[in-house]
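Data file: target29.cif. Format and content: mmCIF, C-alpha atoms and all ligand atoms.
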data_my_file
loop_
_atom_site.group_PDB
_atom_site.id
_atom_site.type_symbol
_atom_site.label_atom_id
_atom_site.label_comp_id
_atom_site.auth_asym_id
_atom_site.auth_seq_id
_atom_site.Cartn_x
_atom_site.Cartn_y
_atom_site.Cartn_z
ATOM 1 C CA MET A 185 15.126 93.192 17.275
ATOM 2 C CA ALA A 186 12.593 90.696 15.971
ATOM 3 C CA ARG A 187 9.422 92.627 15.385
ATOM 4 C CA VAL A 188 8.746 90.965 12.018
ATOM 5 C CA ASN A 189 10.641 87.740 12.598
ATOM 6 C CA GLY A 190 9.871 84.943 10.147
ATOM 7 C CA LYS A 191 7.831 87.172 7.853
ATOM 8 C CA VAL A 192 8.469 87.570 4.134
ATOM 9 C CA ALA A 193 8.250 91.126 2.822
ATOM 10 C CA ILE A 194 8.269 92.784 -0.588
ATOM 11 C CA VAL A 195 9.421 96.409 -0.717
ATOM 12 C CA THR A 196 9.008 98.382 -3.947
ATOM 13 C CA GLY A 197 11.160 101.419 -4.676
ATOM 14 C CA ALA A 198 13.837 99.773 -2.532
ATOM 15 C CA ALA A 199 16.855 101.085 -4.467
ATOM 16 C CA SER A 200 16.607 104.543 -2.915
ATOM 17 C CA GLY A 201 15.336 106.755 -0.112
ATOM 18 C CA ILE A 202 12.380 105.545 1.939
ATOM 19 C CA GLY A 203 12.162 102.152 0.213
ATOM 20 C CA GLN A 204 15.824 101.434 0.872
ATOM 21 C CA ALA A 205 15.493 102.406 4.548
ATOM 22 C CA SER A 206 12.311 100.339 4.894
ATOM 23 C CA ALA A 207 13.935 97.226 3.415
ATOM 24 C CA LYS A 208 16.893 97.628 5.787
ATOM 25 C CA ARG A 209 14.742 98.099 8.881
ATOM 26 C CA LEU A 210 12.403 95.213 8.029
ATOM 27 C CA ALA A 211 15.454 92.967 7.591
ATOM 28 C CA GLN A 212 16.974 94.257 10.828
ATOM 29 C CA GLU A 213 13.730 93.270 12.567
ATOM 30 C CA GLY A 214 13.879 89.722 11.258
ATOM 31 C CA ALA A 215 12.058 89.709 7.918
ATOM 32 C CA THR A 216 13.209 88.055 4.721
ATOM 33 C CA VAL A 217 13.013 90.900 2.220
ATOM 34 C CA VAL A 218 12.493 90.954 -1.539
ATOM 35 C CA LEU A 219 13.577 94.369 -2.794
ATOM 36 C CA THR A 220 12.248 95.608 -6.120
ATOM 37 C CA ASP A 221 12.871 98.685 -8.252
ATOM 38 C CA ILE A 222 13.521 99.743 -11.835
ATOM 39 C CA GLN A 223 17.083 100.730 -10.820
ATOM 40 C CA ALA A 224 18.846 97.374 -11.013
ATOM 41 C CA GLU A 225 22.386 98.315 -9.993
ATOM 42 C CA ALA A 226 21.367 100.346 -6.949
ATOM 43 C CA GLY A 227 18.808 97.725 -5.915
ATOM 44 C CA GLU A 228 21.363 94.925 -6.102
ATOM 45 C CA ARG A 229 23.763 96.991 -4.018
ATOM 46 C CA VAL A 230 21.198 97.606 -1.273
ATOM 47 C CA ALA A 231 20.319 93.892 -1.182
ATOM 48 C CA ARG A 232 24.029 93.026 -0.849
ATOM 49 C CA GLU A 233 24.404 95.544 1.990
ATOM 50 C CA ILE A 234 21.519 93.904 3.844
ATOM 51 C CA GLY A 235 22.928 90.393 3.464
ATOM 52 C CA PRO A 236 21.652 86.890 2.773
ATOM 53 C CA GLN A 237 18.099 87.545 3.946
ATOM 54 C CA ALA A 238 17.610 90.029 1.077
ATOM 55 C CA THR A 239 17.241 89.555 -2.656
ATOM 56 C CA PHE A 240 16.644 92.069 -5.419
ATOM 57 C CA GLN A 241 14.277 91.737 -8.352
ATOM 58 C CA VAL A 242 13.872 94.259 -11.167
ATOM 59 C CA GLN A 243 10.228 95.320 -11.286
ATOM 60 C CA ASP A 244 8.291 98.102 -12.923
ATOM 61 C CA VAL A 245 5.240 98.583 -10.677
ATOM 62 C CA THR A 246 3.136 99.786 -13.609
ATOM 63 C CA ARG A 247 3.215 96.314 -15.213
ATOM 64 C CA GLU A 248 0.569 93.896 -14.040
ATOM 65 C CA ASP A 249 2.385 90.846 -15.404
ATOM 66 C CA ALA A 250 5.476 91.847 -13.405
ATOM 67 C CA TRP A 251 3.421 91.918 -10.180
ATOM 68 C CA GLN A 252 1.968 88.492 -10.912
ATOM 69 C CA ALA A 253 5.404 87.043 -11.645
ATOM 70 C CA LEU A 254 6.849 88.626 -8.488
ATOM 71 C CA PHE A 255 4.247 87.140 -6.146
ATOM 72 C CA ALA A 256 4.444 83.720 -7.821
ATOM 73 C CA ALA A 257 8.257 83.717 -7.525
ATOM 74 C CA THR A 258 8.150 84.896 -3.891
ATOM 75 C CA LEU A 259 5.713 82.165 -2.854
ATOM 76 C CA ARG A 260 7.726 79.572 -4.764
ATOM 77 C CA ARG A 261 11.019 80.607 -3.211
ATOM 78 C CA HIS A 262 9.974 81.440 0.348
ATOM 79 C CA GLY A 263 6.774 79.456 0.788
ATOM 80 C CA ARG A 264 4.905 82.426 2.219
ATOM 81 C CA PHE A 265 4.315 86.151 1.808
ATOM 82 C CA ASP A 266 3.306 88.456 4.655
ATOM 83 C CA ILE A 267 4.168 92.121 4.034
ATOM 84 C CA LEU A 268 3.833 94.399 1.023
ATOM 85 C CA ALA A 269 5.389 97.863 1.276
ATOM 86 C CA ASN A 270 4.250 99.945 -1.696
ATOM 87 C CA VAL A 271 6.925 102.642 -1.655
ATOM 88 C CA ALA A 272 7.901 103.249 -5.312
ATOM 89 C CA GLY A 273 6.898 106.669 -6.561
ATOM 90 C CA VAL A 274 7.735 109.529 -8.881
ATOM 91 C CA PRO A 275 7.383 113.254 -8.265
ATOM 92 C CA GLY A 276 6.805 114.316 -11.847
ATOM 93 C CA SER A 277 7.830 117.729 -12.944
ATOM 94 C CA GLY A 278 6.550 120.264 -10.444
ATOM 95 C CA ASP A 279 6.307 123.243 -12.727
ATOM 96 C CA ARG A 280 4.213 121.373 -15.305
ATOM 97 C CA GLN A 281 1.632 119.917 -12.962
ATOM 98 C CA ASP A 282 -0.666 122.801 -12.117
ATOM 99 C CA PRO A 283 -4.338 122.234 -13.012
ATOM 100 C CA GLU A 284 -4.089 124.471 -16.093
ATOM 101 C CA ARG A 285 -0.801 123.297 -17.523
ATOM 102 C CA CYS A 286 -0.616 119.615 -16.601
ATOM 103 C CA SER A 287 -0.662 117.578 -19.802
ATOM 104 C CA LEU A 288 -2.673 114.395 -19.887
ATOM 105 C CA GLU A 289 0.586 112.586 -20.640
ATOM 106 C CA GLU A 290 2.243 113.952 -17.469
ATOM 107 C CA TRP A 291 -0.872 113.172 -15.391
ATOM 108 C CA ARG A 292 -0.910 109.576 -16.615
ATOM 109 C CA LYS A 293 2.850 109.107 -16.263
ATOM 110 C CA ILE A 294 2.803 110.121 -12.607
ATOM 111 C CA ASN A 295 -0.318 108.227 -11.671
ATOM 112 C CA SER A 296 0.560 105.056 -13.534
ATOM 113 C CA VAL A 297 3.332 104.662 -10.939
ATOM 114 C CA ASN A 298 1.928 106.391 -7.855
ATOM 115 C CA LEU A 299 -1.684 105.179 -8.012
ATOM 116 C CA GLU A 300 -2.008 102.359 -10.541
ATOM 117 C CA GLY A 301 1.191 100.733 -9.276
ATOM 118 C CA VAL A 302 -0.228 100.661 -5.743
ATOM 119 C CA PHE A 303 -3.576 99.339 -6.990
ATOM 120 C CA LEU A 304 -1.875 96.493 -8.864
ATOM 121 C CA GLY A 305 0.265 95.652 -5.848
ATOM 122 C CA CYS A 306 -2.756 95.477 -3.525
ATOM 123 C CA LYS A 307 -4.831 93.541 -6.046
ATOM 124 C CA HIS A 308 -2.301 90.753 -6.464
ATOM 125 C CA ALA A 309 -0.979 90.813 -2.874
ATOM 126 C CA ILE A 310 -4.379 89.855 -1.470
ATOM 127 C CA PRO A 311 -4.613 86.339 -2.951
ATOM 128 C CA ALA A 312 -0.899 85.723 -2.294
ATOM 129 C CA MET A 313 -1.261 86.776 1.368
ATOM 130 C CA ARG A 314 -4.384 84.696 1.796
ATOM 131 C CA GLN A 315 -2.309 81.632 0.970
ATOM 132 C CA SER A 316 -0.161 82.524 3.997
ATOM 133 C CA GLY A 317 -3.097 83.121 6.346
ATOM 134 C CA GLY A 318 -3.050 86.926 6.145
ATOM 135 C CA GLY A 319 -0.635 89.835 6.124
ATOM 136 C CA ALA A 320 -0.094 93.575 6.123
ATOM 137 C CA ILE A 321 -0.001 96.075 3.271
ATOM 138 C CA VAL A 322 1.557 99.479 3.862
ATOM 139 C CA ASN A 323 1.068 102.108 1.167
ATOM 140 C CA VAL A 324 3.323 105.146 1.177
ATOM 141 C CA SER A 325 1.101 108.072 0.241
ATOM 142 C CA SER A 326 2.026 111.664 1.121
ATOM 143 C CA LEU A 327 0.999 114.727 3.054
ATOM 144 C CA ALA A 328 0.074 115.932 -0.450
ATOM 145 C CA ALA A 329 -2.980 113.645 -0.221
ATOM 146 C CA MET A 330 -4.457 115.866 2.475
ATOM 147 C CA ILE A 331 -3.723 119.418 1.424
ATOM 148 C CA ALA A 332 -4.033 121.416 -1.790
ATOM 149 C CA THR A 333 -0.865 121.142 -3.867
ATOM 150 C CA PRO A 334 -1.504 123.413 -6.891
ATOM 151 C CA PRO A 335 1.963 123.059 -8.463
ATOM 152 C CA MET A 336 1.768 119.274 -7.977
ATOM 153 C CA ALA A 337 -1.880 118.629 -8.799
ATOM 154 C CA ALA A 338 -1.308 115.264 -10.479
ATOM 155 C CA TYR A 339 0.942 114.050 -7.654
ATOM 156 C CA GLY A 340 -1.472 115.174 -4.917
ATOM 157 C CA ALA A 341 -4.505 113.649 -6.627
ATOM 158 C CA GLY A 342 -2.733 110.320 -7.047
ATOM 159 C CA LYS A 343 -1.602 110.270 -3.421
ATOM 160 C CA ALA A 344 -5.171 111.064 -2.279
ATOM 161 C CA GLY A 345 -6.251 108.120 -4.422
ATOM 162 C CA VAL A 346 -3.776 105.897 -2.583
ATOM 163 C CA CYS A 347 -5.261 107.011 0.738
ATOM 164 C CA GLN A 348 -8.785 106.168 -0.381
ATOM 165 C CA LEU A 349 -7.745 102.885 -2.022
ATOM 166 C CA THR A 350 -6.050 101.877 1.231
ATOM 167 C CA LYS A 351 -9.338 102.173 3.113
ATOM 168 C CA SER A 352 -11.248 100.215 0.462
ATOM 169 C CA VAL A 353 -8.658 97.431 0.529
ATOM 170 C CA ALA A 354 -8.742 97.418 4.339
ATOM 171 C CA LEU A 355 -12.535 97.098 4.532
ATOM 172 C CA HIS A 356 -12.745 94.617 1.658
ATOM 173 C CA CYS A 357 -10.280 92.325 3.413
ATOM 174 C CA ALA A 358 -11.719 92.806 6.903
ATOM 175 C CA ARG A 359 -15.275 92.020 5.826
ATOM 176 C CA ARG A 360 -14.162 88.814 4.149
ATOM 177 C CA GLY A 361 -12.151 87.710 7.167
ATOM 178 C CA TYR A 362 -8.894 87.608 5.207
ATOM 179 C CA ARG A 363 -6.752 88.774 8.179
ATOM 180 C CA ILE A 364 -5.074 91.299 5.851
ATOM 181 C CA ARG A 365 -4.559 94.821 7.174
ATOM 182 C CA CYS A 366 -3.899 97.827 4.925
ATOM 183 C CA ASN A 367 -2.720 101.253 6.091
ATOM 184 C CA SER A 368 -1.237 104.378 4.546
ATOM 185 C CA ILE A 369 1.706 106.518 5.641
ATOM 186 C CA HIS A 370 1.732 110.221 4.786
ATOM 187 C CA PRO A 371 5.267 111.607 4.897
ATOM 188 C CA GLY A 372 5.938 115.312 5.031
ATOM 189 C CA ILE A 373 9.226 116.486 3.535
ATOM 190 C CA ILE A 374 11.839 113.722 3.752
ATOM 191 C CA ASP A 375 15.480 114.197 2.789
ATOM 192 C CA THR A 376 15.719 111.658 -0.060
ATOM 193 C CA PRO A 377 16.548 112.108 -3.758
ATOM 194 C CA MET A 378 12.835 112.809 -4.382
ATOM 195 C CA GLY A 379 12.617 115.186 -1.414
ATOM 196 C CA GLN A 380 15.714 116.955 -2.712
ATOM 197 C CA THR A 381 14.077 117.344 -6.118
ATOM 198 C CA ALA A 382 11.142 119.045 -4.391
ATOM 199 C CA MET A 383 13.404 121.253 -2.284
ATOM 200 C CA SER A 384 15.361 122.420 -5.320
ATOM 201 C CA TRP A 385 12.481 122.883 -7.734
ATOM 202 C CA ALA A 386 12.498 125.870 -10.047
ATOM 203 C CA GLY A 387 16.288 125.986 -9.925
ATOM 204 C CA ALA A 388 16.487 126.686 -6.188
ATOM 205 C CA ASP A 389 19.800 126.020 -4.498
ATOM 206 C CA LEU A 390 19.470 122.752 -2.520
ATOM 207 C CA THR A 391 21.076 124.107 0.645
ATOM 208 C CA ALA A 392 18.758 127.111 0.628
ATOM 209 C CA GLY A 393 15.809 124.842 -0.248
ATOM 210 C CA ARG A 394 16.580 122.529 2.666
ATOM 211 C CA GLU A 395 16.667 125.493 5.018
ATOM 212 C CA ARG A 396 13.388 126.871 3.652
ATOM 213 C CA TYR A 397 11.615 123.538 4.145
ATOM 214 C CA ARG A 398 13.231 122.915 7.540
ATOM 215 C CA LYS A 399 11.693 126.160 8.769
ATOM 216 C CA MET A 400 8.239 124.892 7.761
ATOM 217 C CA VAL A 401 8.577 121.889 10.073
ATOM 218 C CA PRO A 402 7.507 122.646 13.668
ATOM 219 C CA LEU A 403 10.016 120.102 15.034
ATOM 220 C CA GLY A 404 12.713 122.115 13.228
ATOM 221 C CA VAL A 405 14.322 119.283 11.241
ATOM 222 C CA LEU A 406 13.790 117.616 7.884
ATOM 223 C CA GLY A 407 12.458 114.072 7.944
ATOM 224 C CA GLU A 408 14.888 111.191 7.446
ATOM 225 C CA PRO A 409 14.074 108.000 5.487
ATOM 226 C CA ASP A 410 14.200 106.065 8.765
ATOM 227 C CA ASP A 411 11.392 108.187 10.207
ATOM 228 C CA ILE A 412 9.112 106.605 7.621
ATOM 229 C CA ALA A 413 10.806 103.197 7.703
ATOM 230 C CA TRP A 414 10.205 102.727 11.427
ATOM 231 C CA THR A 415 6.533 103.674 11.046
ATOM 232 C CA LEU A 416 6.329 101.133 8.241
ATOM 233 C CA VAL A 417 7.928 98.421 10.410
ATOM 234 C CA PHE A 418 5.375 99.129 13.132
ATOM 235 C CA LEU A 419 2.408 98.922 10.732
ATOM 236 C CA ALA A 420 3.794 95.755 9.150
ATOM 237 C CA SER A 421 4.308 94.061 12.510
ATOM 238 C CA ASP A 422 1.816 92.329 14.779
ATOM 239 C CA GLU A 423 2.156 95.313 17.148
ATOM 240 C CA ALA A 424 -0.345 96.973 14.800
ATOM 241 C CA LYS A 425 -2.739 93.990 14.662
ATOM 242 C CA PHE A 426 -5.776 96.166 15.519
ATOM 243 C CA ILE A 427 -4.952 98.909 12.981
ATOM 244 C CA THR A 428 -6.381 98.890 9.484
ATOM 245 C CA GLY A 429 -7.564 101.536 7.027
ATOM 246 C CA ALA A 430 -5.685 104.196 9.000
ATOM 247 C CA GLU A 431 -3.683 107.223 7.859
ATOM 248 C CA PHE A 432 -0.346 107.763 9.588
ATOM 249 C CA VAL A 433 0.939 111.307 9.129
ATOM 250 C CA VAL A 434 4.712 111.491 9.696
ATOM 251 C CA ASP A 435 5.671 115.097 9.077
ATOM 252 C CA GLY A 436 7.291 116.669 12.128
ATOM 253 C CA GLY A 437 4.054 118.568 12.730
ATOM 254 C CA MET A 438 3.982 120.288 9.330
ATOM 255 C CA SER A 439 0.250 119.653 8.855
ATOM 256 C CA ILE A 440 -0.967 120.852 12.242
ATOM 257 C CA TYR A 441 -0.821 124.573 11.703
HETATM 258 N N1 LIG A 501 10.741 112.324 -0.019
HETATM 259 C C1 LIG A 501 9.647 112.951 0.335
HETATM 260 O O1 LIG A 501 9.689 114.114 0.786
HETATM 261 C C2 LIG A 501 8.307 112.263 0.223
HETATM 262 C C3 LIG A 501 7.208 112.898 0.787
HETATM 263 C C4 LIG A 501 5.966 112.292 0.706
HETATM 264 C C5 LIG A 501 5.841 111.072 0.072
HETATM 265 N N2 LIG A 501 6.916 110.473 -0.479
HETATM 266 C C6 LIG A 501 6.710 109.180 -1.148
HETATM 267 O O2 LIG A 501 7.597 108.217 -0.635
HETATM 268 C C7 LIG A 501 7.881 107.240 -1.633
HETATM 269 C C8 LIG A 501 9.385 107.038 -1.737
HETATM 270 O O3 LIG A 501 9.953 108.258 -2.157
HETATM 271 P P1 LIG A 501 11.492 108.642 -1.875
HETATM 272 O O4 LIG A 501 11.476 109.994 -1.308
HETATM 273 O O5 LIG A 501 12.177 107.543 -1.186
HETATM 274 O O6 LIG A 501 11.965 108.784 -3.399
HETATM 275 P P2 LIG A 501 13.228 108.188 -4.183
HETATM 276 O O7 LIG A 501 13.212 108.882 -5.488
HETATM 277 O O8 LIG A 501 14.425 108.242 -3.336
HETATM 278 O O9 LIG A 501 12.821 106.661 -4.379
HETATM 279 C C9 LIG A 501 11.769 106.273 -5.217
HETATM 280 C C10 LIG A 501 12.136 104.931 -5.839
HETATM 281 O O10 LIG A 501 11.032 104.496 -6.646
HETATM 282 C C11 LIG A 501 11.571 103.887 -7.800
HETATM 283 N N3 LIG A 501 10.611 103.874 -8.907
HETATM 284 C C12 LIG A 501 10.197 104.913 -9.669
HETATM 285 N N4 LIG A 501 9.350 104.489 -10.623
HETATM 286 C C13 LIG A 501 9.239 103.146 -10.466
HETATM 287 C C14 LIG A 501 8.519 102.128 -11.148
HETATM 288 N N5 LIG A 501 7.743 102.403 -12.216
HETATM 289 N N6 LIG A 501 8.608 100.847 -10.713
HETATM 290 C C15 LIG A 501 9.397 100.547 -9.654
HETATM 291 N N7 LIG A 501 10.122 101.462 -8.967
HETATM 292 C C16 LIG A 501 10.036 102.742 -9.375
HETATM 293 C C17 LIG A 501 12.802 104.740 -8.137
HETATM 294 O O11 LIG A 501 13.675 104.079 -9.002
HETATM 295 C C18 LIG A 501 13.367 105.017 -6.752
HETATM 296 O O12 LIG A 501 14.314 104.048 -6.397
HETATM 297 C C19 LIG A 501 7.224 107.750 -2.929
HETATM 298 O O13 LIG A 501 6.012 107.065 -3.137
HETATM 299 C C20 LIG A 501 6.982 109.212 -2.636
HETATM 300 O O14 LIG A 501 5.926 109.736 -3.381
HETATM 301 C C21 LIG A 501 8.152 111.036 -0.421
#
Structure encoded using structure tokens:
Amino acid sequence: MARVNGKVAIVTGAASGIGQASAKRLAQEGATVVLTDIQAEAGERVAREIGPQATFQVQDVTREDAWQALFAATLRRHGRFDILANVAGVPGSGDRQDPERCSLEEWRKINSVNLEGVFLGCKHAIPAMRQSGGGAIVNVSSLAAMIATPPMAAYGAGKAGVCQLTKSVALHCARRGYRIRCNSIHPGIIDTPMGQTAMSWAGADLTAGRERYRKMVPLGVLGEPDDIAWTLVFLASDEAKFITGAEFVVDGGMSIY
């Protein structure tokens, strides 16, 4: 019950889905959690549900000045900063992302959040964590980083970028003796608002879509937000002190056949 006791965590995308579950599980395991998102009302509600150890801050991860302000405020308020969970993401519009039809505007819109947002978070987390003697960064990538995703080319490319960036951050920090670890999680299909968008793309009925995706998962069930959240808690905790630059696939076996 105290796997991240005394640590201060920032979770982006915490108003919904995987980010919400991650913030709740980190708090349950003893962390003080700063939730951020562009959805203010939902974010505030999640923070209230967690209780006094949680606060919510509106943040657009694409804005560098917002990252700088967030870390400065967190250090000022809590005196330390130990865990960054980069969870915020957007799926983009599936049917407009294939390599022939994806507009430059769509490509940039998706990757300003999914890749640049993660880059900015890592960049400014490093000096803030160093002030606290080290820490752990967990970047939520996707299974789409590892396989061809023709209808979601922009999304897949950005998530592959997150995977690569994670390793560069990990080695950069390790070589300098910063005591900062950085790992990526690669979810398969998870039953969140974004997962539901994917399952009902092209006008598919959501119930039928869920069933279609469920059948693709060898374990025979869709992933739940907590399946990712618990992996994130592990990677953020000292239980994972010898793990850095690693890819954690959490997909019910979807990628093994
Ligand atoms: N659900 C899945 O099947 C699945 C699979 C693989 C990877 N992922 C990844 O997991 C992460 C979480 O996805 P989810 O399924 O919980 O989706 P979700 O839509 O439930 O939550 C995403 C959150 O990110 C926030 N967000 C979007 N743009 C933002 C911005 N510019 N700044 C700050 N916050 C922003 C949204 O407001 C939302 O609250 C994403 O990075 C996603 O790509 C999800």
So what does the PyMOL selection byres (((chain A and resi 411) around 12) and not hetatm) actually pick up in this one, as a PyMOL selection string? chain A and resi 201-203+205-206+209+369-376+405-410+412-418+432-436
Sorted by chain and rising residue number, list the residues of chain A at most 7 Å from ligand LIG 501 (chain A) (counting only C-alpha atoms and all ligand atoms), each with its closest atom pair and distance in Å to one decimal, as a Markdown table.
| residue | atom | partner | partner_atom | distance |
| --- | --- | --- | --- | --- |
| A:Thr196 | CA | A:LIG501 | N7 | 6.0 |
| A:Gly197 | CA | A:LIG501 | O10 | 3.7 |
| A:Ala198 | CA | A:LIG501 | O12 | 5.8 |
| A:Ala199 | CA | A:LIG501 | O12 | 4.4 |
| A:Ser200 | CA | A:LIG501 | O12 | 4.2 |
| A:Gly201 | CA | A:LIG501 | O5 | 3.4 |
| A:Ile202 | CA | A:LIG501 | O5 | 3.7 |
| A:Gly203 | CA | A:LIG501 | O5 | 5.6 |
| A:Thr220 | CA | A:LIG501 | C15 | 6.7 |
| A:Asp221 | CA | A:LIG501 | N7 | 4.0 |
| A:Ile222 | CA | A:LIG501 | C15 | 4.7 |
| A:Gln223 | CA | A:LIG501 | O11 | 5.1 |
| A:Gln243 | CA | A:LIG501 | C15 | 5.5 |
| A:Asp244 | CA | A:LIG501 | N6 | 3.5 |
| A:Val245 | CA | A:LIG501 | N6 | 4.1 |
| A:Thr246 | CA | A:LIG501 | N5 | 5.5 |
| A:Val271 | CA | A:LIG501 | C7 | 4.7 |
| A:Ala272 | CA | A:LIG501 | O10 | 3.6 |
| A:Gly273 | CA | A:LIG501 | O13 | 3.6 |
| A:Val274 | CA | A:LIG501 | C12 | 5.3 |
| A:Pro275 | CA | A:LIG501 | O14 | 6.2 |
| A:Val297 | CA | A:LIG501 | N5 | 5.1 |
| A:Asn298 | CA | A:LIG501 | O13 | 6.3 |
| A:Val324 | CA | A:LIG501 | O13 | 5.4 |
| A:Ser325 | CA | A:LIG501 | C5 | 5.6 |
| A:Ser326 | CA | A:LIG501 | C5 | 4.0 |
| A:Leu327 | CA | A:LIG501 | C4 | 6.0 |
| A:His370 | CA | A:LIG501 | C4 | 6.2 |
| A:Pro371 | CA | A:LIG501 | C4 | 4.3 |
| A:Gly372 | CA | A:LIG501 | C3 | 5.0 |
| A:Ile373 | CA | A:LIG501 | O1 | 3.7 |
| A:Ile374 | CA | A:LIG501 | O1 | 3.7 |
| A:Asp375 | CA | A:LIG501 | N1 | 5.8 |
| A:Thr376 | CA | A:LIG501 | O4 | 4.7 |
| A:Pro377 | CA | A:LIG501 | O8 | 4.4 |
| A:Met378 | CA | A:LIG501 | O7 | 4.1 |
| A:Gly379 | CA | A:LIG501 | N1 | 3.7 |
| A:Pro409 | CA | A:LIG501 | O5 | 7.0 |
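Ranking A:Gln380, A:Ser368, A:Thr333, A:Gln348 by their shortest atom-to-atom distance to Arg394 in chain A, with only C-alpha atoms included, puts A:Gln380 first.
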Using the chain letters and numbers from the file, give me the residues hit by the PyMOL selection byres (((chain A and resi 233-235) around 12) and not hetatm), as a PyMOL selection string. chain A and resi 198-199+204-219+226-232+236-240
Find the distance between CA of His308 in chain A and CA of Ile321 in chain A and write it in Å to one decimal.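 About the pair CA of His308 in chain A and CA of Ile321 in chain A: they are 11.3 Å apart.
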Explicit residue set for the PyMOL selection byres (((chain A and resi 427) around 12) and not hetatm), as an NGL selection string: :A and (320-322 or 351 or 354-355 or 358 or 363-368 or 418-426 or 428-432)
Take the selection from the previous step and output its residues with C-alpha atoms, as an mmCIF file, in the coordinates of the input.
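Contents of out_8.cif, as written:
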data_model
loop_
_atom_site.group_PDB
_atom_site.id
_atom_site.type_symbol
_atom_site.label_atom_id
_atom_site.label_comp_id
_atom_site.auth_asym_id
_atom_site.auth_seq_id
_atom_site.Cartn_x
_atom_site.Cartn_y
_atom_site.Cartn_z
ATOM 1 C CA ALA A 320 -0.094 93.575 6.123
ATOM 2 C CA ILE A 321 -0.001 96.075 3.271
ATOM 3 C CA VAL A 322 1.557 99.479 3.862
ATOM 4 C CA LYS A 351 -9.338 102.173 3.113
ATOM 5 C CA ALA A 354 -8.742 97.418 4.339
ATOM 6 C CA LEU A 355 -12.535 97.098 4.532
ATOM 7 C CA ALA A 358 -11.719 92.806 6.903
ATOM 8 C CA ARG A 363 -6.752 88.774 8.179
ATOM 9 C CA ILE A 364 -5.074 91.299 5.851
ATOM 10 C CA ARG A 365 -4.559 94.821 7.174
ATOM 11 C CA CYS A 366 -3.899 97.827 4.925
ATOM 12 C CA ASN A 367 -2.720 101.253 6.091
ATOM 13 C CA SER A 368 -1.237 104.378 4.546
ATOM 14 C CA PHE A 418 5.375 99.129 13.132
ATOM 15 C CA LEU A 419 2.408 98.922 10.732
ATOM 16 C CA ALA A 420 3.794 95.755 9.150
ATOM 17 C CA SER A 421 4.308 94.061 12.510
ATOM 18 C CA ASP A 422 1.816 92.329 14.779
ATOM 19 C CA GLU A 423 2.156 95.313 17.148
ATOM 20 C CA ALA A 424 -0.345 96.973 14.800
ATOM 21 C CA LYS A 425 -2.739 93.990 14.662
ATOM 22 C CA PHE A 426 -5.776 96.166 15.519
ATOM 23 C CA THR A 428 -6.381 98.890 9.484
ATOM 24 C CA GLY A 429 -7.564 101.536 7.027
ATOM 25 C CA ALA A 430 -5.685 104.196 9.000
ATOM 26 C CA GLU A 431 -3.683 107.223 7.859
ATOM 27 C CA PHE A 432 -0.346 107.763 9.588
#
Minimum-distance residue to Ala341 in chain A, chosen among A:Asp282, A:Asp389, A:Asp249, A:Glu395 (using all atoms listed in the file): A:Asp282
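In terms of minimum interatomic distance to Ile331 in chain A, A:Met438 ranks closest within A:Ala224, A:Val195, A:Ala309, A:Met438, counting all atoms listed in the file.
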Counting only C-alpha atoms, which of A:Ala337, A:Ile440, A:Ala328, A:Ile267 gets nearest to Gln281 in chain A?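 Comparing A:Ala337, A:Ile440, A:Ala328, A:Ile267 against Gln281 in chain A, the winner is A:Ala337.
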CA of Leu254 in chain A to CA of Gly305 in chain A: how many Å, to one decimal?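 Going from CA of Leu254 in chain A over to CA of Gly305 in chain A, I get 10.0 Å.
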Would you work out the distance separating CA of Arg292 in chain A from CA of Thr350 in chain A, expressed in Å to one decimal?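 Computing it gives 20.1 Å between the two atoms.
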For Ala344 in chain A, please output as a list in words all residues within 7 Å (counting only C-alpha atoms; exclusion window: fewer than 4 positions along the same chain).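 Selected residues are Ala329, Met330, Gly340 and Gln348 of chain A.
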Generate a file of the selected residues that holds C-alpha atoms, formatted as a compact mmCIF listing (two decimals), in the coordinates of the input.
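Contents of the output file result-v2.txt:
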# COMPACT_ATOMS: atom_id res chain seq x y z
CA ALA A 329 -2.98 113.64 -0.22
CA MET A 330 -4.46 115.87 2.48
CA GLY A 340 -1.47 115.17 -4.92
CA GLN A 348 -8.78 106.17 -0.38
Quick one: residues within 8 Å of Arg264 in chain A, all atoms listed in the file, excluding same-chain residues fewer than 5 positions away - as a short mmCIF file (atom, residue, chain, number, x, y, z; two decimals) with C-alpha atoms, keeping the file's coordinate frame?
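Full text of result.cif as output:
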data_model
loop_
_atom_site.label_atom_id
_atom_site.label_comp_id
_atom_site.auth_asym_id
_atom_site.auth_seq_id
_atom_site.Cartn_x
_atom_site.Cartn_y
_atom_site.Cartn_z
CA LYS A 191 7.83 87.17 7.85
CA VAL A 192 8.47 87.57 4.13
CA THR A 258 8.15 84.90 -3.89
CA LEU A 259 5.71 82.16 -2.85
CA MET A 313 -1.26 86.78 1.37
CA GLN A 315 -2.31 81.63 0.97
CA SER A 316 -0.16 82.52 4.00
#
